[in-house]
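Just model-v7.txt here, compact mmCIF, C-alpha atoms:
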# COMPACT_ATOMS: atom_id res chain seq x y z
CA MET A 305 -94.24 162.87 142.13
CA SER A 306 -96.78 161.82 139.56
CA ALA A 307 -98.15 165.38 139.44
CA VAL A 308 -94.78 166.77 138.32
CA ALA A 309 -94.53 164.10 135.62
CA ALA A 310 -98.12 164.83 134.53
CA VAL A 311 -97.39 168.54 134.08
CA PHE A 312 -94.18 167.80 132.16
CA ALA A 313 -95.90 165.28 129.88
CA ARG A 314 -98.80 167.67 129.28
CA GLU A 315 -96.47 170.45 128.10
CA LEU A 316 -94.77 168.10 125.65
CA ARG A 317 -98.13 166.83 124.40
CA ILE A 318 -99.43 170.36 123.81
CA ALA A 319 -96.18 171.34 122.04
CA LEU A 320 -96.48 168.30 119.80
CA ARG A 321 -99.87 169.59 118.60
CA ARG A 322 -98.49 173.10 118.04
CA PRO A 323 -95.04 172.70 116.46
CA ALA A 324 -94.91 176.38 115.44
CA GLU A 325 -94.61 177.44 119.08
CA TRP A 326 -91.33 175.70 119.77
CA ALA A 327 -89.93 176.03 116.23
CA GLN A 328 -90.30 179.83 116.36
CA PRO A 329 -87.43 180.59 118.81
CA LEU A 330 -85.06 178.32 116.90
CA VAL A 331 -85.85 179.95 113.54
CA PHE A 332 -85.60 183.40 115.12
CA TYR A 333 -82.23 182.47 116.67
CA GLY A 334 -80.89 181.24 113.34
CA ILE A 335 -82.04 184.38 111.54
CA VAL A 336 -80.43 186.72 114.10
CA ALA A 337 -77.12 184.88 114.01
CA LEU A 338 -77.02 184.52 110.23
CA LEU A 339 -78.04 188.09 109.37
CA PHE A 340 -75.34 189.60 111.56
CA PRO A 341 -72.43 188.71 109.21
CA LEU A 342 -74.39 190.18 106.29
CA GLY A 343 -74.50 193.53 108.04
CA ILE A 344 -70.73 193.95 108.29
CA ALA A 345 -67.89 193.86 105.77
CA PRO A 346 -66.96 190.42 104.33
CA ARG A 347 -64.09 188.63 106.11
CA ASP A 348 -64.08 191.25 108.84
CA PRO A 349 -62.10 189.78 111.78
CA ALA A 350 -64.35 191.75 114.12
CA LEU A 351 -67.04 189.11 113.49
CA THR A 352 -65.15 186.52 115.55
CA THR A 353 -64.74 189.09 118.32
CA PHE A 354 -68.48 189.71 118.35
CA ALA A 355 -69.44 186.04 117.91
CA PRO A 356 -69.96 185.27 121.64
CA ALA A 357 -72.18 188.33 122.05
CA ILE A 358 -74.19 187.52 118.91
CA VAL A 359 -74.90 183.95 119.98
CA TRP A 360 -75.73 184.90 123.57
CA VAL A 361 -77.93 187.88 122.75
CA GLY A 362 -79.68 185.71 120.17
CA ALA A 363 -80.34 183.10 122.88
CA LEU A 364 -81.66 185.78 125.25
CA LEU A 365 -84.03 187.23 122.66
CA SER A 366 -85.36 183.80 121.70
CA ALA A 367 -85.92 182.99 125.36
CA LEU A 368 -88.01 186.15 125.66
CA LEU A 369 -90.00 185.35 122.53
CA GLY A 370 -92.70 183.00 123.72
CA VAL A 371 -92.38 183.54 127.43
CA GLU A 372 -95.20 186.06 127.79
CA ARG A 373 -97.74 183.42 126.80
CA LEU A 374 -96.30 180.84 129.20
CA PHE A 375 -98.97 181.08 131.92
CA ARG A 376 -101.63 183.08 130.07
CA GLY A 377 -103.40 180.01 128.69
CA ASP A 378 -103.37 178.17 132.00
CA LEU A 379 -104.72 181.22 133.82
CA ASP A 380 -107.47 181.80 131.25
CA ASP A 381 -108.70 178.21 130.96
CA GLY A 382 -108.60 177.49 134.71
CA THR A 383 -105.79 174.92 134.71
CA LEU A 384 -103.86 177.15 137.11
CA GLU A 385 -106.72 177.00 139.62
CA GLN A 386 -106.72 173.23 139.40
CA MET A 387 -102.94 173.25 140.01
CA LEU A 388 -103.43 175.49 143.04
CA VAL A 389 -106.11 173.32 144.66
CA SER A 390 -104.17 170.07 144.11
CA ASP A 391 -102.06 168.86 147.01
CA THR A 392 -98.70 169.16 145.21
CA PRO A 393 -96.90 172.47 145.92
CA LEU A 394 -97.32 174.87 143.00
CA SER A 395 -93.57 175.57 142.85
CA PHE A 396 -92.87 171.91 141.94
CA LEU A 397 -95.47 172.02 139.18
CA LEU A 398 -94.03 175.28 137.82
CA ALA A 399 -90.51 173.84 137.88
CA ALA A 400 -91.81 170.95 135.73
CA LYS A 401 -93.50 173.38 133.36
CA LEU A 402 -90.36 175.52 133.01
CA ALA A 403 -88.17 172.44 132.54
CA ALA A 404 -90.44 171.37 129.68
CA GLN A 405 -90.29 174.89 128.27
CA TRP A 406 -86.46 174.71 128.34
CA LEU A 407 -86.48 171.34 126.60
CA LEU A 408 -88.79 172.64 123.87
CA THR A 409 -87.44 176.12 123.21
CA ALA A 410 -83.86 176.32 124.52
CA ALA A 411 -82.42 172.83 124.12
CA PRO A 412 -82.70 173.10 120.29
CA LEU A 413 -80.68 176.36 120.52
CA VAL A 414 -77.94 174.58 122.45
CA LEU A 415 -77.88 171.83 119.83
CA ALA A 416 -77.75 174.34 116.98
CA SER A 417 -75.07 176.50 118.59
CA PRO A 418 -71.98 174.64 117.25
CA LEU A 419 -73.25 175.34 113.73
CA LEU A 420 -73.58 179.05 114.49
CA GLY A 421 -70.25 179.12 116.36
CA TYR A 422 -68.33 177.67 113.41
CA GLY A 423 -70.32 179.86 111.05
CA LEU A 424 -69.20 182.95 112.94
CA GLY A 425 -65.57 181.86 112.75
CA LEU A 426 -64.96 180.42 116.22
CA GLU A 427 -62.29 177.74 116.73
CA THR A 428 -63.17 174.30 118.14
CA PRO A 429 -62.12 175.02 121.79
CA ALA A 430 -64.23 178.17 121.78
CA VAL A 431 -67.19 176.29 120.26
CA GLN A 432 -66.93 173.69 123.03
CA VAL A 433 -67.07 176.41 125.68
CA LEU A 434 -69.94 178.07 123.79
CA VAL A 435 -72.05 174.89 123.95
CA LEU A 436 -71.20 174.35 127.61
CA SER A 437 -71.99 177.96 128.52
CA LEU A 438 -75.36 177.80 126.73
CA LEU A 439 -76.14 174.48 128.41
CA LEU A 440 -75.52 176.08 131.81
CA GLY A 441 -77.00 179.49 130.98
CA THR A 442 -80.17 178.85 128.98
CA PRO A 443 -82.09 177.26 131.90
CA THR A 444 -81.37 180.46 133.85
CA LEU A 445 -82.82 182.50 130.98
CA VAL A 446 -85.93 180.31 130.76
CA PHE A 447 -86.55 180.24 134.54
CA THR A 448 -86.00 184.01 134.83
CA GLY A 449 -88.38 184.58 131.93
CA GLY A 450 -90.91 182.26 133.58
CA PHE A 451 -90.69 184.21 136.83
CA ALA A 452 -91.27 187.50 135.00
CA ALA A 453 -94.16 185.95 133.06
CA ALA A 454 -95.73 184.87 136.36
CA LEU A 455 -95.36 188.41 137.73
CA THR A 456 -96.97 190.03 134.69
CA VAL A 457 -99.68 187.46 133.89
CA GLY A 458 -102.28 189.47 135.80
CA ALA A 459 -101.50 192.65 133.84
CA PRO A 460 -103.63 192.98 130.70
CA ARG A 461 -100.87 194.45 128.51
CA ALA A 462 -97.59 193.05 129.77
CA GLY A 463 -95.93 193.21 126.36
CA LEU A 464 -93.57 196.05 127.27
CA LEU A 465 -93.34 195.46 130.99
CA LEU A 466 -91.97 191.95 130.71
CA PRO A 467 -88.75 192.63 128.75
CA ILE A 468 -87.95 195.68 130.89
CA LEU A 469 -88.44 193.62 134.02
CA VAL A 470 -86.48 190.65 132.80
CA LEU A 471 -83.46 192.17 131.07
CA PRO A 472 -81.57 193.22 134.22
CA LEU A 473 -82.18 189.75 135.65
CA MET A 474 -80.85 188.06 132.52
CA THR A 475 -77.77 190.22 131.97
CA PRO A 476 -75.51 188.30 134.41
CA ALA A 477 -76.02 185.13 132.36
CA VAL A 478 -75.13 186.99 129.16
CA ILE A 479 -72.07 188.65 130.74
CA PHE A 480 -70.63 185.39 132.08
CA GLY A 481 -71.72 183.33 129.07
CA GLY A 482 -70.19 185.75 126.60
CA GLY A 483 -67.18 186.14 128.90
CA ALA A 484 -66.51 182.39 128.95
CA VAL A 485 -66.50 182.19 125.16
CA ARG A 486 -64.36 185.33 124.87
CA ALA A 487 -61.81 183.85 127.27
CA ALA A 488 -61.71 180.62 125.26
CA THR A 489 -61.25 182.55 121.99
CA SER A 490 -58.17 184.30 123.35
CA GLY A 491 -56.76 181.08 124.79
CA LEU A 492 -57.43 181.98 128.44
CA PRO A 493 -59.04 179.61 130.97
CA SER A 494 -62.84 179.92 130.93
CA ASP A 495 -63.51 178.08 134.18
CA ALA A 496 -64.38 181.10 136.32
CA PRO A 497 -67.26 182.46 134.18
CA LEU A 498 -68.56 178.90 133.71
CA TYR A 499 -68.62 178.42 137.48
CA PHE A 500 -70.55 181.67 137.79
CA LEU A 501 -73.06 180.38 135.22
CA GLY A 502 -73.36 177.18 137.26
CA ALA A 503 -74.00 179.18 140.42
CA LEU A 504 -76.69 181.25 138.65
CA LEU A 505 -78.23 178.02 137.38
CA ALA A 506 -78.39 176.54 140.89
CA LEU A 507 -80.01 179.71 142.24
CA SER A 508 -82.53 179.94 139.38
CA LEU A 509 -83.62 176.31 139.59
CA THR A 510 -84.19 176.41 143.33
CA LEU A 511 -85.49 179.92 144.02
CA LEU A 512 -87.35 181.10 140.92
CA PRO A 513 -90.09 178.40 140.88
CA VAL A 514 -90.97 179.36 144.46
CA ALA A 515 -91.03 183.07 143.55
CA ALA A 516 -93.10 182.35 140.44
CA ALA A 517 -95.58 180.31 142.50
CA GLY A 518 -96.01 183.26 144.86
CA ALA A 519 -96.56 185.62 141.93
CA LEU A 520 -99.18 183.35 140.33
CA ARG A 521 -101.00 182.86 143.62
CA ASN A 522 -101.15 186.63 143.83
CA ALA A 523 -102.46 186.91 140.26
CA ILE A 524 -105.42 184.67 141.15
CA ASP A 525 -106.18 186.24 144.53
CA MET B 13 -118.50 162.03 158.20
CA SER B 14 -117.33 165.49 159.10
CA SER B 15 -119.01 168.82 158.65
CA LEU B 16 -117.69 172.23 157.72
CA HIS B 17 -118.13 175.19 160.05
CA VAL B 18 -117.60 178.80 159.05
CA HIS B 19 -117.40 181.40 161.81
CA GLN B 20 -117.68 185.18 161.30
CA LEU B 21 -115.92 185.03 157.95
CA VAL B 22 -114.77 188.30 156.37
CA VAL B 23 -113.71 188.26 152.72
CA SER B 24 -112.32 191.23 150.81
CA ARG B 25 -111.55 191.77 147.16
CA GLY B 26 -109.07 194.59 146.84
CA ASP B 27 -110.20 197.28 149.29
CA ARG B 28 -113.87 196.23 149.16
CA THR B 29 -115.36 193.93 151.79
CA VAL B 30 -117.66 191.51 149.97
CA LEU B 31 -118.58 189.26 152.88
CA ASP B 32 -118.82 190.46 156.44
CA ASP B 33 -119.44 188.35 159.54
CA LEU B 34 -120.76 185.28 157.70
CA SER B 35 -121.36 182.11 159.74
CA PHE B 36 -122.85 178.83 158.61
CA SER B 37 -122.34 175.08 158.80
CA VAL B 38 -122.65 172.33 156.24
CA ALA B 39 -123.06 168.71 157.31
CA ALA B 40 -122.38 165.56 155.35
CA GLY B 41 -125.24 164.60 153.04
CA GLU B 42 -126.32 168.20 152.48
CA VAL B 43 -126.49 170.36 149.38
CA LEU B 44 -125.86 174.03 150.14
CA HIS B 45 -127.12 176.29 147.39
CA ILE B 46 -125.45 179.70 147.74
CA ARG B 47 -127.55 182.45 146.20
CA GLY B 48 -127.11 186.17 145.85
CA ARG B 49 -126.94 189.01 143.38
CA ASN B 50 -124.03 189.54 141.03
CA GLY B 51 -121.12 190.74 143.13
CA ALA B 52 -122.59 189.39 146.36
CA GLY B 53 -119.43 187.33 146.91
CA LYS B 54 -120.58 183.82 145.98
CA THR B 55 -117.47 182.96 143.99
CA SER B 56 -115.19 184.62 146.54
CA LEU B 57 -116.75 182.51 149.29
CA LEU B 58 -116.17 179.27 147.38
CA GLU B 59 -112.61 180.32 146.59
CA VAL B 60 -111.93 180.94 150.28
CA LEU B 61 -113.42 177.55 151.22
CA CYS B 62 -111.10 175.88 148.67
CA GLY B 63 -108.02 177.82 149.71
CA LEU B 64 -107.68 179.80 146.46
CA ARG B 65 -108.24 183.07 148.30
CA THR B 66 -107.35 184.03 151.86
CA ALA B 67 -110.03 185.34 154.19
CA SER B 68 -109.34 188.63 155.92
CA GLY B 69 -111.08 187.53 159.09
CA GLY B 70 -112.97 184.73 160.82
CA ARG B 71 -112.17 181.05 160.78
CA ILE B 72 -113.11 177.85 158.99
CA GLU B 73 -113.22 174.61 160.97
CA GLN B 74 -112.67 171.17 159.48
CA GLN B 75 -111.83 172.45 156.02
CA PRO B 76 -111.59 169.37 153.75
CA ALA B 77 -108.13 168.33 152.54
CA PRO B 78 -107.26 168.84 148.84
CA SER B 79 -107.66 165.10 148.14
CA GLU B 80 -111.17 165.11 149.65
CA ARG B 81 -112.69 167.88 147.56
CA HIS B 82 -113.52 168.74 144.00
CA TRP B 83 -113.25 172.34 142.82
CA ILE B 84 -114.94 173.29 139.58
CA GLY B 85 -114.73 177.03 139.08
CA HIS B 86 -116.46 179.08 136.43
CA LYS B 87 -113.42 178.24 134.30
CA ASN B 88 -113.51 174.62 133.24
CA GLY B 89 -109.81 173.83 133.53
CA LEU B 90 -109.65 172.36 130.03
CA ASN B 91 -106.76 172.99 127.67
CA PRO B 92 -108.27 173.71 124.23
CA VAL B 93 -105.60 171.71 122.33
CA LEU B 94 -106.03 168.52 124.34
CA SER B 95 -109.08 166.28 124.08
CA ALA B 96 -111.63 165.93 126.86
CA LEU B 97 -110.13 162.53 127.69
CA GLU B 98 -106.56 163.88 127.81
CA ASN B 99 -107.68 166.77 130.01
CA LEU B 100 -109.34 164.33 132.39
CA GLN B 101 -106.25 162.12 132.46
CA PHE B 102 -104.03 165.15 133.12
CA TRP B 103 -106.26 166.17 136.01
CA ALA B 104 -105.98 162.63 137.42
CA GLY B 105 -102.19 162.71 137.07
CA LEU B 106 -102.02 166.14 138.70
CA ASN B 107 -103.94 164.81 141.70
CA GLY B 108 -102.25 161.42 141.82
CA VAL B 109 -105.53 159.62 141.16
CA THR B 110 -105.71 156.43 139.09
CA LEU B 111 -108.82 156.46 136.93
CA ARG B 112 -110.48 153.11 136.43
CA ASP B 113 -112.80 154.18 133.64
CA PRO B 114 -112.16 157.70 132.30
CA ARG B 115 -114.12 157.02 129.08
CA GLY B 116 -117.05 155.72 131.11
CA ALA B 117 -117.00 158.92 133.17
CA LEU B 118 -117.14 161.03 130.00
CA ALA B 119 -119.90 158.81 128.59
CA SER B 120 -121.96 159.25 131.77
CA VAL B 121 -122.02 163.03 131.26
CA GLY B 122 -122.98 162.53 127.61
CA LEU B 123 -119.59 162.95 125.96
CA LYS B 124 -119.13 159.46 124.55
CA ALA B 125 -118.60 160.54 120.96
CA GLN B 126 -116.72 163.74 121.84
CA ALA B 127 -114.15 162.18 124.20
CA LEU B 128 -111.32 162.41 121.68
CA ARG B 129 -112.14 165.79 120.14
CA PRO B 130 -109.95 168.76 121.13
CA ALA B 131 -111.68 170.57 123.99
CA GLY B 132 -111.43 173.84 122.07
CA THR B 133 -113.87 172.51 119.47
CA LEU B 134 -116.53 171.54 122.02
CA SER B 135 -119.53 173.78 122.68
CA THR B 136 -119.88 175.74 125.94
CA GLY B 137 -122.21 173.14 127.43
CA GLN B 138 -120.03 170.25 126.31
CA LYS B 139 -116.99 171.86 127.95
CA ARG B 140 -118.99 172.21 131.16
CA ARG B 141 -119.89 168.52 130.96
CA ALA B 142 -116.23 167.63 130.39
CA ALA B 143 -115.38 169.48 133.61
CA LEU B 144 -118.22 167.73 135.49
CA ALA B 145 -116.82 164.37 134.32
CA ARG B 146 -114.12 164.80 136.99
CA LEU B 147 -116.86 164.41 139.64
CA VAL B 148 -117.77 161.01 138.21
CA ALA B 149 -114.23 159.83 137.46
CA ALA B 150 -112.87 160.37 140.96
CA PRO B 151 -115.35 160.08 143.87
CA ARG B 152 -114.59 162.63 146.60
CA PRO B 153 -116.76 163.55 149.60
CA TRP B 154 -116.76 167.35 149.10
CA TRP B 155 -117.81 169.17 145.95
CA PHE B 156 -117.36 172.91 145.50
CA LEU B 157 -119.08 173.98 142.29
CA ASP B 158 -119.20 177.54 140.98
CA GLU B 159 -122.10 178.11 138.57
CA PRO B 160 -122.03 174.51 137.31
CA LEU B 161 -125.28 174.95 135.38
CA ALA B 162 -123.91 177.70 133.12
CA GLY B 163 -124.27 176.59 129.52
CA LEU B 164 -125.92 173.23 130.26
CA ASP B 165 -128.96 172.21 128.18
CA LEU B 166 -132.02 170.42 129.59
CA GLU B 167 -130.39 167.02 129.28
CA GLY B 168 -127.27 168.44 130.93
CA LEU B 169 -129.39 169.68 133.84
CA ASP B 170 -130.77 166.15 134.24
CA VAL B 171 -127.24 164.76 134.28
CA PHE B 172 -126.27 167.32 136.92
CA ALA B 173 -129.31 166.52 139.09
CA ARG B 174 -128.46 162.81 138.87
CA LEU B 175 -124.82 163.41 139.87
CA VAL B 176 -125.72 165.59 142.85
CA THR B 177 -128.43 163.19 144.06
CA ALA B 178 -126.01 160.26 143.88
CA GLN B 179 -123.36 162.26 145.73
CA VAL B 180 -125.71 163.26 148.55
CA SER B 181 -127.27 159.82 148.96
CA GLY B 182 -123.75 158.43 149.22
CA GLY B 183 -123.11 160.73 152.20
CA GLY B 184 -121.19 163.37 150.25
CA THR B 185 -121.61 167.11 150.43
CA VAL B 186 -122.16 169.66 147.68
CA ILE B 187 -121.67 173.42 147.99
CA VAL B 188 -122.89 175.09 144.85
CA THR B 189 -123.49 178.62 143.59
CA SER B 190 -126.14 179.15 140.95
CA HIS B 191 -128.48 181.88 139.77
CA GLN B 192 -131.09 179.45 138.59
CA PRO B 193 -132.86 176.99 140.91
CA LEU B 194 -131.14 173.60 141.07
CA PRO B 195 -132.84 171.08 138.77
CA GLY B 196 -134.81 168.02 139.85
CA GLU B 197 -135.73 166.85 143.34
CA ILE B 198 -132.44 167.02 145.20
CA PRO B 199 -132.55 165.62 148.75
CA GLY B 200 -130.94 167.57 151.59
CA LEU B 201 -131.15 170.87 149.71
CA ARG B 202 -130.61 174.04 151.74
CA ALA B 203 -130.23 177.60 150.53
CA LEU B 204 -127.91 180.32 151.81
CA SER B 205 -128.62 183.84 150.60
CA LEU B 206 -125.79 186.34 150.55
CA THR B 207 -126.85 189.98 150.85
CA PRO B 208 -124.30 192.60 149.99
Could you render the structure as structure tokens?
Amino acid sequence: MSAVAAVFARELRIALRRPAEWAQPLVFYGIVALLFPLGIAPRDPALTTFAPAIVWVGALLSALLGVERLFRGDLDDGTLEQMLVSDTPLSFLLAAKLAAQWLLTAAPLVLASPLLGYGLGLETPAVQVLVLSLLLGTPTLVFTGGFAAALTVGAPRAGLLLPILVLPLMTPAVIFGGGAVRAATSGLPSDAPLYFLGALLALSLTLLPVAAAGALRNAID
Amino acid sequence: MSSLHVHQLVVSRGDRTVLDDLSFSVAAGEVLHIRGRNGAGKTSLLEVLCGLRTASGGRIEQQPAPSERHWIGHKNGLNPVLSALENLQFWAGLNGVTLRDPRGALASVGLKAQALRPAGTLSTGQKRRAALARLVAAPRPWWFLDEPLAGLDLEGLDVFARLVTAQVSGGGTVIVTSHQPLPGEIPGLRALSLTP
């Protein structure tokens, strides 16, 4: 599986040369979560109620941020053609690319989430569930975004099409992610929504790379 | 050494048929120069032969396996942020090839001093050379080259002629599209004209 490792290492190497690309979602995420409290009354208890939604919607928006450019460069410079003519299945290579994308853009969000959780007034048990739910849910967001990016890469102006296409696919993750944190905040068990997130994760990791490979093959043909 | 046979191939782009009932064979040690006007279907034909595009009819016998062929399209396959050397090493990793002398391969196409510069800062011709370096770095019996001469200077044409001659005298096969005549005295050269 040297090809998969090569794709993964290449993504990290490119990101290292362009730090702005992976720092952007994290900064955006921080700004969204920190500006929210400023928009409502000080010490409003509603903030804690909204905290799960704020963190999760912030994660969704940051996942959408750079995703449109995900395959554009590879399509334009011909790397995608070279991936297609190599003897490793394209879906494996795309899974490696999306895993690297998660590590660069979403893993920092997961690491920063306790800070935001405490900042928005969540208690420790709820923060723990928040981190766990993001850990399970953000790969789903990234892989879904990657699939939509593969579908729209052939369209010259996909700017509007992509979010419309991707939002219904991402909402389950937000519903169950937010639901898990909400349950933990009110002292209820949060296992069920977390299991749902896990199930979505398993489906995304196995099916979406194959679907994205089909979409990209179509974009070249 | 095997040869490639194409029988009554039909290739469409969208709802337009670009190639209809095309048959030809290429044997080992030959250079097939595919010619034709713009839009005659040269690139589409190469893409079908490499499996990037599906034919809508006909059949191809003894199509070379991915590990036996080089594909260099009109896009060079170079990431602009990575250097020529890193791009070559990524290509090798992608194909599971161990390169013995990647710097030597770049030097042989005239990119000794530019090996470590980001590919985005290279000129058009230098990028083309960086793509051609793959042919030197990893010997493979089948070459599929789409407009390889685009952007090459006179010295670059010499390099190309040398590479193709060495490939053919080693029993390899080259299928190439080009608007200009191929440079130098290339043995085993045959032309195939596509008429729309």
Need to verify the contact set: range 448-453 of chain A, 6 Å, all atoms listed in the file, exclusion of same-chain residues closer than 4 positions in sequence. Can you return it as an mmCIF file with C-alpha atoms, in the coordinates of the input?
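Final output, around_23.cif:
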data_model
loop_
_atom_site.group_PDB
_atom_site.id
_atom_site.type_symbol
_atom_site.label_atom_id
_atom_site.label_comp_id
_atom_site.auth_asym_id
_atom_site.auth_seq_id
_atom_site.Cartn_x
_atom_site.Cartn_y
_atom_site.Cartn_z
ATOM 1 C CA GLU A 372 -95.200 186.060 127.790
ATOM 2 C CA THR A 444 -81.370 180.460 133.850
ATOM 3 C CA VAL A 457 -99.680 187.460 133.890
ATOM 4 C CA ALA A 516 -93.100 182.350 140.440
#
Find the residues near range 55-60 of chain B: any atom within 8 Å, counting all atoms listed in the file, skip ones fewer than 4 places away on the same chain, and give them as JSON, numbers by chain.
{"B": [23, 31, 64, 65, 66, 67, 156, 157, 158, 189]}
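Here CA of Ile358 in chain A and CA of Ser490 in chain A stand 16.9 Å from one another.
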May I have the centre and edge lengths, in Å to one decimal, of an axis-aligned box around the listed atoms of range 140-150 of chain B with 6 Å added to every side, as AutoDock Vina command-line options?
--center_x -116.4 --center_y 166.0 --center_z 135.7 --size_x 19.0 --size_y 24.4 --size_z 22.6
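Counting all atoms listed in the file, Gly163 in chain B has the following residues at most 9 Å away, ignoring those fewer than 2 positions along the same chain: B:Ser135, B:Thr136, B:Gly137, B:Gln138, B:Lys139, B:Arg140, B:Pro160, B:Leu161, B:Asp165, B:Gly168.
When CA of Leu469 in chain A is paired with CA of Ala400 in chain A, their separation reads 23.0 Å.
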Pick out the chain B residues within 7 Å of chain A. Count all atoms listed in the file. Give them as a PyMOL selection string.
chain B and resi 62+64-65+78-79+87-91+93-94+102+105-108
Residues as selected, C-alpha atoms, written as a PDB file, in the frame of the given file, can you do that?
ATOM      1  CA  CYS B  62    -111.100 175.880 148.670  1.00  0.00           C
ATOM      2  CA  LEU B  64    -107.680 179.800 146.460  1.00  0.00           C
ATOM      3  CA  ARG B  65    -108.240 183.070 148.300  1.00  0.00           C
ATOM      4  CA  PRO B  78    -107.260 168.840 148.840  1.00  0.00           C
ATOM      5  CA  SER B  79    -107.660 165.100 148.140  1.00  0.00           C
ATOM      6  CA  LYS B  87    -113.420 178.240 134.300  1.00  0.00           C
ATOM      7  CA  ASN B  88    -113.510 174.620 133.240  1.00  0.00           C
ATOM      8  CA  GLY B  89    -109.810 173.830 133.530  1.00  0.00           C
ATOM      9  CA  LEU B  90    -109.650 172.360 130.030  1.00  0.00           C
ATOM     10  CA  ASN B  91    -106.760 172.990 127.670  1.00  0.00           C
ATOM     11  CA  VAL B  93    -105.600 171.710 122.330  1.00  0.00           C
ATOM     12  CA  LEU B  94    -106.030 168.520 124.340  1.00  0.00           C
ATOM     13  CA  PHE B 102    -104.030 165.150 133.120  1.00  0.00           C
ATOM     14  CA  GLY B 105    -102.190 162.710 137.070  1.00  0.00           C
ATOM     15  CA  LEU B 106    -102.020 166.140 138.700  1.00  0.00           C
ATOM     16  CA  ASN B 107    -103.940 164.810 141.700  1.00  0.00           C
ATOM     17  CA  GLY B 108    -102.250 161.420 141.820  1.00  0.00           C
TER      18      GLY B 108
END
Given the point (-114.9, 163.4, 141.6) in the file's coordinates, find the residues that have an atom at most 10 Å from it, counting only C-alpha atoms, and give them as a list in words.
Ser79, Glu80, Arg81, His82, Trp83, Ala104, Ala117, Leu144, Ala145, Arg146, Leu147, Val148, Ala149, Ala150, Pro151, Arg152, Pro153, Trp154, Trp155 and Gln179 of chain B
Please dump the current selection as a PDB file, in the frame of the given file; keep C-alpha atoms.
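result_7.pdb, written as the output of this step:
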ATOM      1  CA  SER B  79    -107.660 165.100 148.140  1.00  0.00           C
ATOM      2  CA  GLU B  80    -111.170 165.110 149.650  1.00  0.00           C
ATOM      3  CA  ARG B  81    -112.690 167.880 147.560  1.00  0.00           C
ATOM      4  CA  HIS B  82    -113.520 168.740 144.000  1.00  0.00           C
ATOM      5  CA  TRP B  83    -113.250 172.340 142.820  1.00  0.00           C
ATOM      6  CA  ALA B 104    -105.980 162.630 137.420  1.00  0.00           C
ATOM      7  CA  ALA B 117    -117.000 158.920 133.170  1.00  0.00           C
ATOM      8  CA  LEU B 144    -118.220 167.730 135.490  1.00  0.00           C
ATOM      9  CA  ALA B 145    -116.820 164.370 134.320  1.00  0.00           C
ATOM     10  CA  ARG B 146    -114.120 164.800 136.990  1.00  0.00           C
ATOM     11  CA  LEU B 147    -116.860 164.410 139.640  1.00  0.00           C
ATOM     12  CA  VAL B 148    -117.770 161.010 138.210  1.00  0.00           C
ATOM     13  CA  ALA B 149    -114.230 159.830 137.460  1.00  0.00           C
ATOM     14  CA  ALA B 150    -112.870 160.370 140.960  1.00  0.00           C
ATOM     15  CA  PRO B 151    -115.350 160.080 143.870  1.00  0.00           C
ATOM     16  CA  ARG B 152    -114.590 162.630 146.600  1.00  0.00           C
ATOM     17  CA  PRO B 153    -116.760 163.550 149.600  1.00  0.00           C
ATOM     18  CA  TRP B 154    -116.760 167.350 149.100  1.00  0.00           C
ATOM     19  CA  TRP B 155    -117.810 169.170 145.950  1.00  0.00           C
ATOM     20  CA  GLN B 179    -123.360 162.260 145.730  1.00  0.00           C
TER      21      GLN B 179
END
For range 478-486 of chain A: contacts at 9 Å, only C-alpha atoms, fewer than 6 positions along chain excluded, given as a PyMOL selection string
chain A and resi 353-361+364+430-434+437-438+440-441+492-498+500-501
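Here CA of Thr185 in chain B stands at a distance of 6.0 Å from CA of Val43 in chain B.
Proximity of A:Pro472, A:Gly362, A:Leu424, A:Val446 to Lys401 in chain A, computed with only C-alpha atoms, is greatest for A:Val446.
Considering all atoms listed in the file, the residue among A:Ala324, A:Leu426, A:Leu471, A:Val371 positioned nearest to Leu351 in chain A is A:Leu426.
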Determine, counting all atoms listed in the file, which protein, DNA and RNA residues have an atom within 9 Å of an atom of Gly200 in chain B; residues of the same chain fewer than 4 positions away are not included. Present the result as a PyMOL selection string.
chain B and resi 41-44+180-181
Counting all atoms listed in the file, which residues sit no farther than 10 Å from the position (-111.7, 172.1, 155.7) in the file's frame? I'd like them as a PyMOL selection string.
chain B and resi 14-18+61-63+72-78+80-81+154
Taking all atoms listed in the file into account, which of A:Phe375, A:Trp406, A:Thr489, A:Val435 comes nearest Ala454 in chain A?
A:Phe375
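Comparing B:Ile46, B:Ser35, B:Ala40, B:Arg112 by their smallest distance to Gly182 in chain B, the closest is B:Ala40 (using all atoms listed in the file).
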